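Chemist: Here you go, this is work-v2.pdb (PDB, C-alpha atoms (C1' of nucleotides)).
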```pdb
ATOM      1  CA  MET A   1     -15.115  -6.708  -5.973  1.00  0.00           C
ATOM      2  CA  ALA A   2     -13.339  -4.824  -8.686  1.00  0.00           C
ATOM      3  CA  ALA A   3     -13.723  -1.438  -7.036  1.00  0.00           C
ATOM      4  CA  MET A   4     -11.549  -2.694  -4.199  1.00  0.00           C
ATOM      5  CA  ASP A   5      -8.474  -2.183  -6.289  1.00  0.00           C
ATOM      6  CA  LEU A   6      -9.375   1.402  -6.959  1.00  0.00           C
ATOM      7  CA  LEU A   7     -10.662   2.270  -3.512  1.00  0.00           C
ATOM      8  CA  GLY A   8      -8.148   0.193  -1.622  1.00  0.00           C
ATOM      9  CA  ARG A   9      -5.315   2.568  -2.472  1.00  0.00           C
ATOM     10  CA  ARG A  10      -3.970   4.966   0.099  1.00  0.00           C
ATOM     11  CA  GLY A  11      -6.254   7.905   0.475  1.00  0.00           C
ATOM     12  CA  ALA A  12      -8.651   7.025  -2.348  1.00  0.00           C
ATOM     13  CA  LEU A  13     -11.740   6.626  -0.194  1.00  0.00           C
ATOM     14  CA  ARG A  14     -10.681   9.640   1.769  1.00  0.00           C
ATOM     15  CA  VAL A  15     -10.505  11.842  -1.308  1.00  0.00           C
ATOM     16  CA  VAL A  16     -13.958  10.759  -2.423  1.00  0.00           C
ATOM     17  CA  TRP A  17     -15.221  11.333   1.060  1.00  0.00           C
ATOM     18  CA  GLU A  18     -13.899  14.863   1.233  1.00  0.00           C
ATOM     19  CA  LEU A  19     -15.796  15.690  -1.947  1.00  0.00           C
ATOM     20  CA  ARG A  20     -19.106  14.491  -0.587  1.00  0.00           C
ATOM     21  CA  GLU A  21     -22.290  16.523  -0.800  1.00  0.00           C
ATOM     22  CA  GLY A  22     -21.333  18.567  -3.785  1.00  0.00           C
ATOM     23  CA  ARG A  23     -18.150  20.022  -2.361  1.00  0.00           C
ATOM     24  CA  VAL A  24     -15.804  21.578  -4.864  1.00  0.00           C
ATOM     25  CA  LEU A  25     -12.236  21.820  -3.662  1.00  0.00           C
ATOM     26  CA  THR A  26      -9.013  23.141  -5.098  1.00  0.00           C
ATOM     27  CA  PHE A  27      -6.054  20.838  -5.359  1.00  0.00           C
ATOM     28  CA  ARG A  28      -4.524  22.398  -2.312  1.00  0.00           C
ATOM     29  CA  ALA A  29      -7.716  22.356  -0.312  1.00  0.00           C
ATOM     30  CA  LEU A  30      -8.161  18.682  -1.105  1.00  0.00           C
ATOM     31  CA  GLN A  31      -4.594  18.111  -0.129  1.00  0.00           C
ATOM     32  CA  SER A  32      -5.088  19.462   3.322  1.00  0.00           C
ATOM     33  CA  ALA A  33      -8.554  17.944   3.757  1.00  0.00           C
ATOM     34  CA  ALA A  34      -7.451  14.468   2.785  1.00  0.00           C
ATOM     35  CA  GLU A  35      -4.071  14.849   4.468  1.00  0.00           C
ATOM     36  CA  LEU A  36      -2.109  13.649   1.482  1.00  0.00           C
ATOM     37  CA  PRO A  37       1.170  14.819   0.009  1.00  0.00           C
ATOM     38  CA  PRO A  38       0.799  16.394  -3.451  1.00  0.00           C
ATOM     39  CA  GLY A  39       2.377  13.507  -5.302  1.00  0.00           C
ATOM     40  CA  THR A  40       0.050  10.944  -3.805  1.00  0.00           C
ATOM     41  CA  LEU A  41      -2.986  13.150  -4.231  1.00  0.00           C
ATOM     42  CA  ASN A  42      -2.129  13.706  -7.840  1.00  0.00           C
ATOM     43  CA  THR A  43      -1.733   9.979  -8.458  1.00  0.00           C
ATOM     44  CA  ARG A  44      -5.023   9.257  -6.726  1.00  0.00           C
ATOM     45  CA  LEU A  45      -6.831  11.992  -8.624  1.00  0.00           C
ATOM     46  CA  GLY A  46      -5.565  10.568 -11.868  1.00  0.00           C
ATOM     47  CA  GLU A  47      -6.962   7.153 -10.990  1.00  0.00           C
ATOM     48  CA  LEU A  48     -10.261   8.511  -9.743  1.00  0.00           C
ATOM     49  CA  ARG A  49     -10.704  10.647 -12.823  1.00  0.00           C
ATOM     50  CA  ALA A  50      -9.866   7.718 -15.065  1.00  0.00           C
ATOM     51  CA  ALA A  51     -12.513   5.760 -13.190  1.00  0.00           C
ATOM     52  CA  GLY A  52     -15.061   8.482 -13.802  1.00  0.00           C
ATOM     53  CA  VAL A  53     -15.565   9.168 -10.126  1.00  0.00           C
ATOM     54  CA  VAL A  54     -13.996  12.596  -9.895  1.00  0.00           C
ATOM     55  CA  ALA A  55     -14.058  15.478 -12.337  1.00  0.00           C
ATOM     56  CA  ALA A  56     -11.822  18.499 -12.562  1.00  0.00           C
ATOM     57  CA  GLU A  57     -14.086  21.342 -13.478  1.00  0.00           C
ATOM     58  CA  GLU A  58     -13.485  24.616 -11.728  1.00  0.00           C
ATOM     59  CA  GLY A  59     -11.882  22.645  -8.953  1.00  0.00           C
ATOM     60  CA  TYR A  60     -12.296  19.002  -8.094  1.00  0.00           C
ATOM     61  CA  ARG A  61     -15.731  17.551  -7.589  1.00  0.00           C
ATOM     62  CA  LEU A  62     -17.543  14.239  -7.806  1.00  0.00           C
ATOM     63  CA  THR A  63     -19.170  13.073 -10.997  1.00  0.00           C
ATOM     64  CA  PRO A  64     -22.689  11.630 -10.786  1.00  0.00           C
ATOM     65  CA  ARG A  65     -21.040   8.244 -10.448  1.00  0.00           C
ATOM     66  CA  GLY A  66     -18.975   9.623  -7.626  1.00  0.00           C
ATOM     67  CA  SER A  67     -22.121  10.810  -5.897  1.00  0.00           C
ATOM     68  CA  ASP A  68     -23.566   7.345  -6.209  1.00  0.00           C
ATOM     69  CA  LEU A  69     -20.441   6.052  -4.558  1.00  0.00           C
ATOM     70  CA  ILE A  70     -20.936   8.411  -1.656  1.00  0.00           C
ATOM     71  CA  GLY A  71     -24.439   7.033  -1.292  1.00  0.00           C
ATOM     72  CA  ALA A  72     -22.998   3.564  -1.109  1.00  0.00           C
ATOM     73  CA  LEU A  73     -20.558   4.676   1.556  1.00  0.00           C
ATOM     74  CA  TRP A  74     -23.026   5.871   4.158  1.00  0.00           C
ATOM     75  CA  PRO A  75     -23.572   2.445   5.720  1.00  0.00           C
ATOM     76  CA  LEU A  76     -19.828   2.098   5.943  1.00  0.00           C
ATOM     77  CA  LEU A  77     -19.667   5.425   7.710  1.00  0.00           C
ATOM     78  CA  ARG A  78     -22.230   4.297  10.218  1.00  0.00           C
ATOM     79  CA  TRP A  79     -20.289   1.095  10.833  1.00  0.00           C
ATOM     80  CA  SER A  80     -17.151   3.118  11.206  1.00  0.00           C
ATOM     81  CA  GLU A  81     -18.686   5.260  13.893  1.00  0.00           C
ATOM     82  CA  ASP A  82     -19.956   2.279  15.848  1.00  0.00           C
ATOM     83  CA  TRP A  83     -16.595   0.674  15.557  1.00  0.00           C
ATOM     84  CA  ALA A  84     -14.778   3.780  16.739  1.00  0.00           C
ATOM     85  CA  ASN A  85     -17.120   4.057  19.694  1.00  0.00           C
ATOM     86  CA  ALA A  86     -16.653   0.434  20.622  1.00  0.00           C
ATOM     87  CA  LEU A  87     -12.895   0.738  20.540  1.00  0.00           C
ATOM     88  CA  GLY A  88     -12.951   3.960  22.471  1.00  0.00           C
ATOM     89  CA  ASN A  89     -14.628   2.338  25.488  1.00  0.00           C
TER      90      ASN A  89
ATOM     91  CA  MET B   1     -14.105   8.333   8.746  1.00  0.00           C
ATOM     92  CA  ALA B   2     -11.780   6.565  11.113  1.00  0.00           C
ATOM     93  CA  ALA B   3     -12.258   3.163   9.531  1.00  0.00           C
ATOM     94  CA  MET B   4     -10.645   4.499   6.380  1.00  0.00           C
ATOM     95  CA  ASP B   5      -7.227   4.066   7.896  1.00  0.00           C
ATOM     96  CA  LEU B   6      -7.896   0.439   8.657  1.00  0.00           C
ATOM     97  CA  LEU B   7      -9.751  -0.426   5.491  1.00  0.00           C
ATOM     98  CA  GLY B   8      -7.706   1.769   3.221  1.00  0.00           C
ATOM     99  CA  ARG B   9      -4.688  -0.498   3.506  1.00  0.00           C
ATOM    100  CA  ARG B  10      -3.743  -2.824   0.711  1.00  0.00           C
ATOM    101  CA  GLY B  11      -5.974  -5.855   0.664  1.00  0.00           C
ATOM    102  CA  ALA B  12      -7.829  -5.096   3.883  1.00  0.00           C
ATOM    103  CA  LEU B  13     -11.279  -4.785   2.344  1.00  0.00           C
ATOM    104  CA  ARG B  14     -10.508  -7.731   0.171  1.00  0.00           C
ATOM    105  CA  VAL B  15      -9.679  -9.974   3.109  1.00  0.00           C
ATOM    106  CA  VAL B  16     -12.897  -9.037   4.863  1.00  0.00           C
ATOM    107  CA  TRP B  17     -14.769  -9.605   1.672  1.00  0.00           C
ATOM    108  CA  GLU B  18     -13.380 -13.087   1.185  1.00  0.00           C
ATOM    109  CA  LEU B  19     -14.628 -14.039   4.629  1.00  0.00           C
ATOM    110  CA  ARG B  20     -18.189 -12.931   3.921  1.00  0.00           C
ATOM    111  CA  GLU B  21     -21.183 -15.097   4.678  1.00  0.00           C
ATOM    112  CA  GLY B  22     -19.618 -17.148   7.386  1.00  0.00           C
ATOM    113  CA  ARG B  23     -16.717 -18.446   5.365  1.00  0.00           C
ATOM    114  CA  VAL B  24     -13.908 -19.956   7.357  1.00  0.00           C
ATOM    115  CA  LEU B  25     -10.625 -20.025   5.504  1.00  0.00           C
ATOM    116  CA  THR B  26      -7.148 -21.257   6.288  1.00  0.00           C
ATOM    117  CA  PHE B  27      -4.269 -18.842   6.049  1.00  0.00           C
ATOM    118  CA  ARG B  28      -3.272 -20.292   2.727  1.00  0.00           C
ATOM    119  CA  ALA B  29      -6.783 -20.342   1.353  1.00  0.00           C
ATOM    120  CA  LEU B  30      -7.191 -16.704   2.304  1.00  0.00           C
ATOM    121  CA  GLN B  31      -3.881 -15.981   0.709  1.00  0.00           C
ATOM    122  CA  SER B  32      -4.957 -17.284  -2.624  1.00  0.00           C
ATOM    123  CA  ALA B  33      -8.488 -15.898  -2.374  1.00  0.00           C
ATOM    124  CA  ALA B  34      -7.336 -12.407  -1.537  1.00  0.00           C
ATOM    125  CA  GLU B  35      -4.293 -12.640  -3.791  1.00  0.00           C
ATOM    126  CA  LEU B  36      -1.873 -11.405  -1.202  1.00  0.00           C
ATOM    127  CA  PRO B  37       1.653 -12.510  -0.369  1.00  0.00           C
ATOM    128  CA  PRO B  38       1.956 -14.120   3.069  1.00  0.00           C
ATOM    129  CA  GLY B  39       3.752 -11.215   4.647  1.00  0.00           C
ATOM    130  CA  THR B  40       1.120  -8.698   3.647  1.00  0.00           C
ATOM    131  CA  LEU B  41      -1.700 -11.024   4.570  1.00  0.00           C
ATOM    132  CA  ASN B  42      -0.189 -11.598   7.945  1.00  0.00           C
ATOM    133  CA  THR B  43       0.161  -7.877   8.570  1.00  0.00           C
ATOM    134  CA  ARG B  44      -3.406  -7.249   7.470  1.00  0.00           C
ATOM    135  CA  LEU B  45      -4.737 -10.082   9.613  1.00  0.00           C
ATOM    136  CA  GLY B  46      -2.930  -8.641  12.596  1.00  0.00           C
ATOM    137  CA  GLU B  47      -4.593  -5.276  12.069  1.00  0.00           C
ATOM    138  CA  LEU B  48      -8.019  -6.746  11.419  1.00  0.00           C
ATOM    139  CA  ARG B  49      -7.795  -8.936  14.479  1.00  0.00           C
ATOM    140  CA  ALA B  50      -6.672  -6.011  16.586  1.00  0.00           C
ATOM    141  CA  ALA B  51      -9.693  -4.128  15.265  1.00  0.00           C
ATOM    142  CA  GLY B  52     -11.987  -6.958  16.293  1.00  0.00           C
ATOM    143  CA  VAL B  53     -13.122  -7.612  12.769  1.00  0.00           C
ATOM    144  CA  VAL B  54     -11.509 -10.965  12.174  1.00  0.00           C
ATOM    145  CA  ALA B  55     -11.014 -13.896  14.526  1.00  0.00           C
ATOM    146  CA  ALA B  56      -8.662 -16.838  14.258  1.00  0.00           C
ATOM    147  CA  GLU B  57     -10.618 -19.806  15.499  1.00  0.00           C
ATOM    148  CA  GLU B  58     -10.239 -23.016  13.583  1.00  0.00           C
ATOM    149  CA  GLY B  59      -9.249 -20.933  10.607  1.00  0.00           C
ATOM    150  CA  TYR B  60      -9.946 -17.281   9.935  1.00  0.00           C
ATOM    151  CA  ARG B  61     -13.457 -15.950  10.112  1.00  0.00           C
ATOM    152  CA  LEU B  62     -15.315 -12.720  10.745  1.00  0.00           C
ATOM    153  CA  THR B  63     -16.358 -11.665  14.210  1.00  0.00           C
ATOM    154  CA  PRO B  64     -19.894 -10.342  14.685  1.00  0.00           C
ATOM    155  CA  ARG B  65     -18.471  -6.887  14.113  1.00  0.00           C
ATOM    156  CA  GLY B  66     -16.911  -8.157  10.948  1.00  0.00           C
ATOM    157  CA  SER B  67     -20.286  -9.445   9.802  1.00  0.00           C
ATOM    158  CA  ASP B  68     -21.760  -6.032  10.432  1.00  0.00           C
ATOM    159  CA  LEU B  69     -19.052  -4.605   8.253  1.00  0.00           C
ATOM    160  CA  ILE B  70     -19.992  -6.945   5.444  1.00  0.00           C
ATOM    161  CA  GLY B  71     -23.544  -5.707   5.794  1.00  0.00           C
ATOM    162  CA  ALA B  72     -22.286  -2.178   5.357  1.00  0.00           C
ATOM    163  CA  LEU B  73     -20.341  -3.203   2.275  1.00  0.00           C
ATOM    164  CA  TRP B  74     -23.222  -4.487   0.183  1.00  0.00           C
ATOM    165  CA  PRO B  75     -24.158  -1.096  -1.221  1.00  0.00           C
ATOM    166  CA  LEU B  76     -20.537  -0.625  -2.155  1.00  0.00           C
ATOM    167  CA  LEU B  77     -20.599  -3.960  -3.914  1.00  0.00           C
ATOM    168  CA  ARG B  78     -23.607  -2.939  -5.926  1.00  0.00           C
ATOM    169  CA  TRP B  79     -21.939   0.310  -6.873  1.00  0.00           C
ATOM    170  CA  SER B  80     -18.850  -1.621  -7.790  1.00  0.00           C
ATOM    171  CA  GLU B  81     -20.760  -3.843 -10.156  1.00  0.00           C
ATOM    172  CA  ASP B  82     -22.479  -0.928 -11.865  1.00  0.00           C
ATOM    173  CA  TRP B  83     -19.154   0.775 -12.191  1.00  0.00           C
ATOM    174  CA  ALA B  84     -17.490  -2.279 -13.668  1.00  0.00           C
ATOM    175  CA  ASN B  85     -20.317  -2.670 -16.156  1.00  0.00           C
ATOM    176  CA  ALA B  86     -20.136   0.961 -17.174  1.00  0.00           C
ATOM    177  CA  LEU B  87     -16.414   0.761 -17.769  1.00  0.00           C
ATOM    178  CA  GLY B  88     -16.734  -2.487 -19.633  1.00  0.00           C
ATOM    179  CA  ASN B  89     -18.861  -0.905 -22.349  1.00  0.00           C
TER     180      ASN B  89
ATOM    181  C1'  DA C   1       5.263  45.595 -11.161  1.00  0.00           C
ATOM    182  C1'  DA C   2       4.858  43.045  -6.887  1.00  0.00           C
ATOM    183  C1'  DC C   3       2.229  39.620  -4.563  1.00  0.00           C
ATOM    184  C1'  DA C   4      -0.678  35.780  -3.446  1.00  0.00           C
ATOM    185  C1'  DA C   5      -2.783  31.525  -4.744  1.00  0.00           C
ATOM    186  C1'  DT C   6      -3.054  27.778  -7.747  1.00  0.00           C
ATOM    187  C1'  DG C   7      -1.841  23.193  -9.869  1.00  0.00           C
ATOM    188  C1'  DC C   8       1.326  20.600  -9.974  1.00  0.00           C
ATOM    189  C1'  DT C   9       6.521  18.394 -10.603  1.00  0.00           C
ATOM    190  C1'  DA C  10      11.100  16.871  -8.621  1.00  0.00           C
ATOM    191  C1'  DC C  11      13.660  14.472  -5.510  1.00  0.00           C
ATOM    192  C1'  DA C  12      15.599  11.925  -1.767  1.00  0.00           C
ATOM    193  C1'  DA C  13      14.381   9.159   2.166  1.00  0.00           C
ATOM    194  C1'  DA C  14      11.355   5.980   4.465  1.00  0.00           C
ATOM    195  C1'  DA C  15       7.856   2.639   4.528  1.00  0.00           C
ATOM    196  C1'  DA C  16       5.267  -0.947   2.530  1.00  0.00           C
ATOM    197  C1'  DA C  17       4.386  -4.661  -0.712  1.00  0.00           C
ATOM    198  C1'  DT C  18       6.016  -8.547  -3.556  1.00  0.00           C
ATOM    199  C1'  DG C  19       7.542 -13.156  -4.598  1.00  0.00           C
ATOM    200  C1'  DA C  20      10.043 -16.987  -3.722  1.00  0.00           C
ATOM    201  C1'  DA C  21      11.969 -20.067  -0.521  1.00  0.00           C
ATOM    202  C1'  DG C  22      11.719 -22.607   3.324  1.00  0.00           C
ATOM    203  C1'  DC C  23      10.973 -24.270   8.168  1.00  0.00           C
ATOM    204  C1'  DA C  24       8.570 -26.212  12.166  1.00  0.00           C
ATOM    205  C1'  DA C  25       4.390 -28.202  13.667  1.00  0.00           C
ATOM    206  C1'  DT C  26       0.443 -30.763  12.808  1.00  0.00           C
ATOM    207  C1'  DT C  27      -2.467 -33.889  10.161  1.00  0.00           C
ATOM    208  C1'  DC C  28      -3.316 -37.348   6.843  1.00  0.00           C
ATOM    209  C1'  DT C  29      -2.061 -41.837   4.321  1.00  0.00           C
ATOM    210  C1'  DT C  30      -0.475 -45.994   3.805  1.00  0.00           C
TER     211       DT C  30
ATOM    212  C1'  DA D   1       4.977 -45.985  12.472  1.00  0.00           C
ATOM    213  C1'  DA D   2       7.148 -43.817   8.482  1.00  0.00           C
ATOM    214  C1'  DG D   3       6.452 -40.781   4.693  1.00  0.00           C
ATOM    215  C1'  DA D   4       3.922 -37.292   2.500  1.00  0.00           C
ATOM    216  C1'  DA D   5       1.037 -33.395   2.511  1.00  0.00           C
ATOM    217  C1'  DT D   6      -0.758 -29.314   4.624  1.00  0.00           C
ATOM    218  C1'  DT D   7      -0.651 -25.520   7.543  1.00  0.00           C
ATOM    219  C1'  DG D   8       0.832 -21.092   9.521  1.00  0.00           C
ATOM    220  C1'  DC D   9       3.798 -18.435   9.156  1.00  0.00           C
ATOM    221  C1'  DT D  10       9.094 -16.134   8.776  1.00  0.00           C
ATOM    222  C1'  DT D  11      12.964 -14.473   6.083  1.00  0.00           C
ATOM    223  C1'  DC D  12      15.153 -11.929   2.680  1.00  0.00           C
ATOM    224  C1'  DA D  13      16.158  -9.257  -1.359  1.00  0.00           C
ATOM    225  C1'  DT D  14      13.925  -6.446  -4.747  1.00  0.00           C
ATOM    226  C1'  DT D  15      10.516  -3.360  -6.351  1.00  0.00           C
ATOM    227  C1'  DT D  16       6.829  -0.216  -5.683  1.00  0.00           C
ATOM    228  C1'  DT D  17       4.545   3.388  -2.990  1.00  0.00           C
ATOM    229  C1'  DT D  18       4.335   6.939   0.022  1.00  0.00           C
ATOM    230  C1'  DT D  19       6.113  10.881   2.382  1.00  0.00           C
ATOM    231  C1'  DG D  20       7.650  15.539   2.968  1.00  0.00           C
ATOM    232  C1'  DT D  21       9.821  19.409   1.423  1.00  0.00           C
ATOM    233  C1'  DA D  22      11.017  22.551  -2.062  1.00  0.00           C
ATOM    234  C1'  DG D  23       9.980  24.984  -5.798  1.00  0.00           C
ATOM    235  C1'  DC D  24       8.435  26.380 -10.487  1.00  0.00           C
ATOM    236  C1'  DA D  25       5.169  28.135 -13.875  1.00  0.00           C
ATOM    237  C1'  DT D  26       0.736  30.255 -14.503  1.00  0.00           C
ATOM    238  C1'  DT D  27      -3.164  33.112 -13.348  1.00  0.00           C
ATOM    239  C1'  DG D  28      -5.501  36.613 -10.871  1.00  0.00           C
ATOM    240  C1'  DT D  29      -5.094  40.903  -7.711  1.00  0.00           C
ATOM    241  C1'  DT D  30      -3.592  45.178  -6.078  1.00  0.00           C
TER     242       DT D  30
END
```
Go ahead and render the structure in this file as structure tokens.
Modeler:
Amino acid sequence: MAAMDLLGRRGALRVVWELREGRVLTFRALQSAAELPPGTLNTRLGELRAAGVVAAEEGYRLTPRGSDLIGALWPLLRWSEDWANALGN
Amino acid sequence: MAAMDLLGRRGALRVVWELREGRVLTFRALQSAAELPPGTLNTRLGELRAAGVVAAEEGYRLTPRGSDLIGALWPLLRWSEDWANALGN
DNA sequence: AACAATGCTACAAAAAATGAAGCAATTCTT
DNA sequence: AAGAATTGCTTCATTTTTTGTAGCATTGTT
């Protein structure tokens, strides 16, 4: 899985996630949403933009490809919730 | 997404991925499949085992929860392939 | 002009990953 | 049974990443 290298980096999935459903966030808003220091966020944004997942147009937002990625992440979200519940018991 | 913290670490998704479809790998086989140095692999395995995703029984394999995770990763795989193709053009 | 918000850059410290080496405990082979 | 191979790691030094804080330059507002 080639995307693993991109998405496996600290905060990458989180950044994409915070931009789900058409959200448009400023650098600083993304920073606090994704809980990343500015340097890391900037690095991640550079990678995600290079990968055509994120665009910087009047704030940061997902490209169509990024939206597709969100679609592909829903099952993972569901698994994540089950997993969190199971651990919390 | 709570699972992001677990799966967002270097090589975590990759390790799970290499154990897909019932594969049972030795530590060293996993090491070369996932392309991770032993120290990192060992750390990751510790986290994945603690999370109940991987089990160490006659080699490393996924738990039922781990298999569920693989199920949730298929859409991501498909996205990954499309993405790789698009970039490759 | 003063002020707030924005997108970042700079920097030092801490944490994590890498790669190579190697060791102790099995498990073959002969 | 002795030697060789394989396995699951551990160790260590080096490099790479991440973190957190500070702050600067630009743009928009009052």
Chemist: For a cutoff of 10 Å around the file-coordinate point (4.1, 44.5, -7.0), which residues qualify once you count only C-alpha atoms (C1' of nucleotides)? I'd like the result as number ranges by chain.
Modeler: C: 1-3; D: 29-30
Chemist: Could you take the residues named above and write them with C-alpha atoms (C1' of nucleotides), as a PDB file, in the coordinates of the input?
Modeler:
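Done, and the output landed in result-v4.pdb:
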```
ATOM      1  C1'  DA C   1       5.263  45.595 -11.161  1.00  0.00           C
ATOM      2  C1'  DA C   2       4.858  43.045  -6.887  1.00  0.00           C
ATOM      3  C1'  DC C   3       2.229  39.620  -4.563  1.00  0.00           C
TER       4       DC C   3
ATOM      5  C1'  DT D  29      -5.094  40.903  -7.711  1.00  0.00           C
ATOM      6  C1'  DT D  30      -3.592  45.178  -6.078  1.00  0.00           C
TER       7       DT D  30
END
```
Chemist: Can you tell me, as a list in words, what residues are no more than 12 Å from DT29 in chain C when counting only C-alpha atoms (C1' of nucleotides), ignoring any on the same chain fewer than 2 positions away?
Modeler: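 Listed by chain and then number, they are DT27 of chain C; DA1, DA2, DG3, DA4 and DA5 of chain D.
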Chemist: Residues of chain A that have any atom at most 10 Å from an atom of chain D: could you tabulate them with the shortest-distance atom pair and the distance in Å to one decimal, using all atoms listed in the file, ordered by chain and increasing number, as a tab-separated table?
Modeler:
```
residue	atom	partner	partner_atom	distance
A:Arg9	CA	D:DT17	C1'	9.9
A:Arg10	CA	D:DT18	C1'	8.5
A:Leu36	CA	D:DT19	C1'	8.7
A:Pro37	CA	D:DT19	C1'	6.8
A:Pro38	CA	D:DG20	C1'	9.4
A:Gly39	CA	D:DT18	C1'	8.7
A:Thr40	CA	D:DT18	C1'	7.0
```
Chemist: Provide as a CSV table (one decimal) with C-alpha atoms, keeping the file's coordinate frame the residues of chain A at most 12 Å from chain C, counting all atoms listed in the file.
Modeler:
```csv
chain,number,residue,atom,x,y,z
A,10,ARG,CA,-4.0,5.0,0.1
A,25,LEU,CA,-12.2,21.8,-3.7
A,26,THR,CA,-9.0,23.1,-5.1
A,27,PHE,CA,-6.1,20.8,-5.4
A,28,ARG,CA,-4.5,22.4,-2.3
A,29,ALA,CA,-7.7,22.4,-0.3
A,30,LEU,CA,-8.2,18.7,-1.1
A,31,GLN,CA,-4.6,18.1,-0.1
A,37,PRO,CA,1.2,14.8,0.0
A,38,PRO,CA,0.8,16.4,-3.5
A,39,GLY,CA,2.4,13.5,-5.3
A,40,THR,CA,0.0,10.9,-3.8
A,41,LEU,CA,-3.0,13.2,-4.2
A,42,ASN,CA,-2.1,13.7,-7.8
A,43,THR,CA,-1.7,10.0,-8.5
A,45,LEU,CA,-6.8,12.0,-8.6
A,56,ALA,CA,-11.8,18.5,-12.6
A,58,GLU,CA,-13.5,24.6,-11.7
A,59,GLY,CA,-11.9,22.6,-9.0
A,60,TYR,CA,-12.3,19.0,-8.1
```
Chemist: Set out as a Markdown table a contact list for chain B and chain A with a cut-off of 9 Å, giving each residue of chain B that qualifies its closest atom pair and distance in Å to one decimal, counting all atoms listed in the file, ordered by chain and rising residue number.
Modeler:
```
| residue | atom | partner | partner_atom | distance |
| --- | --- | --- | --- | --- |
| B:Met1 | CA | A:Leu77 | CA | 6.4 |
| B:Ala2 | CA | A:Ser80 | CA | 6.4 |
| B:Ala3 | CA | A:Ser80 | CA | 5.2 |
| B:Met4 | CA | A:Arg14 | CA | 6.9 |
| B:Asp5 | CA | A:Gly11 | CA | 8.4 |
| B:Leu7 | CA | A:Gly8 | CA | 7.3 |
| B:Gly8 | CA | A:Gly8 | CA | 5.1 |
| B:Arg9 | CA | A:Gly8 | CA | 6.2 |
| B:Arg10 | CA | A:Gly8 | CA | 5.8 |
| B:Gly11 | CA | A:Gly8 | CA | 6.8 |
| B:Ala12 | CA | A:Gly8 | CA | 7.6 |
| B:Leu13 | CA | A:Met4 | CA | 6.9 |
| B:Arg14 | CA | A:Met4 | CA | 6.7 |
| B:Trp17 | CA | A:Met1 | CA | 8.2 |
| B:Ala51 | CA | A:Leu87 | CA | 7.9 |
| B:Gly52 | CA | A:Leu87 | CA | 8.8 |
| B:Arg65 | CA | A:Trp83 | CA | 7.9 |
| B:Asp68 | CA | A:Trp79 | CA | 7.3 |
| B:Leu69 | CA | A:Trp79 | CA | 6.4 |
| B:Gly71 | CA | A:Pro75 | CA | 8.2 |
| B:Ala72 | CA | A:Pro75 | CA | 4.8 |
| B:Leu73 | CA | A:Leu76 | CA | 6.5 |
| B:Trp74 | CA | A:Ala72 | CA | 8.2 |
| B:Pro75 | CA | A:Ala72 | CA | 4.8 |
| B:Leu76 | CA | A:Ala72 | CA | 5.0 |
| B:Leu77 | CA | A:Met1 | CA | 6.5 |
| B:Arg78 | CA | A:Ala72 | CA | 8.1 |
| B:Trp79 | CA | A:Leu69 | CA | 6.4 |
| B:Ser80 | CA | A:Ala3 | CA | 5.2 |
| B:Glu81 | CA | A:Met1 | CA | 7.6 |
| B:Trp83 | CA | A:Ala3 | CA | 7.8 |
| B:Ala84 | CA | A:Ala2 | CA | 7.0 |
| B:Leu87 | CA | A:Ala51 | CA | 7.8 |
```
Chemist: Please measure the separation of CA of Arg61 in chain A and CA of Glu47 in chain A, giving the value in Å to one decimal.
Modeler: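 Here the two named atoms are 14.0 Å from each other.
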Chemist: In Å to one decimal, how far is CA of Val16 in chain B from CA of Arg44 in chain A?
Modeler: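 Value for the CA of Arg44 in chain A-CA of Val16 in chain B distance: 23.0 Å.
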Chemist: Can you work out the spacing between CA of Val15 in chain B and CA of Val54 in chain A in Å, to one decimal?
Modeler: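 Between these atoms lies a distance of 26.4 Å.
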Chemist: Can you take the partial range 60-68 of chain A, add N, CA and C atoms, and return it as a compact mmCIF listing (two decimals), in the frame of the given file?
Modeler:
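Okay, result30.txt is ready:
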```txt
# COMPACT_ATOMS: atom_id res chain seq x y z
N TYR A 60 -11.97 20.43 -8.05
CA TYR A 60 -12.30 19.00 -8.09
C TYR A 60 -13.64 18.74 -7.46
N ARG A 61 -14.41 17.87 -8.09
CA ARG A 61 -15.73 17.55 -7.59
C ARG A 61 -16.08 16.12 -8.01
N LEU A 62 -17.12 15.57 -7.43
CA LEU A 62 -17.54 14.24 -7.81
C LEU A 62 -18.37 14.28 -9.07
N THR A 63 -18.26 13.25 -9.87
CA THR A 63 -19.17 13.07 -11.00
C THR A 63 -20.46 12.47 -10.44
N PRO A 64 -21.48 12.31 -11.27
CA PRO A 64 -22.69 11.63 -10.79
C PRO A 64 -22.33 10.23 -10.25
N ARG A 65 -21.44 9.57 -10.92
CA ARG A 65 -21.04 8.24 -10.45
C ARG A 65 -20.37 8.34 -9.09
N GLY A 66 -19.61 9.40 -8.92
CA GLY A 66 -18.98 9.62 -7.63
C GLY A 66 -20.00 9.86 -6.53
N SER A 67 -21.06 10.57 -6.88
CA SER A 67 -22.12 10.81 -5.90
C SER A 67 -22.80 9.51 -5.52
N ASP A 68 -22.99 8.65 -6.51
CA ASP A 68 -23.57 7.34 -6.21
C ASP A 68 -22.67 6.60 -5.22
```
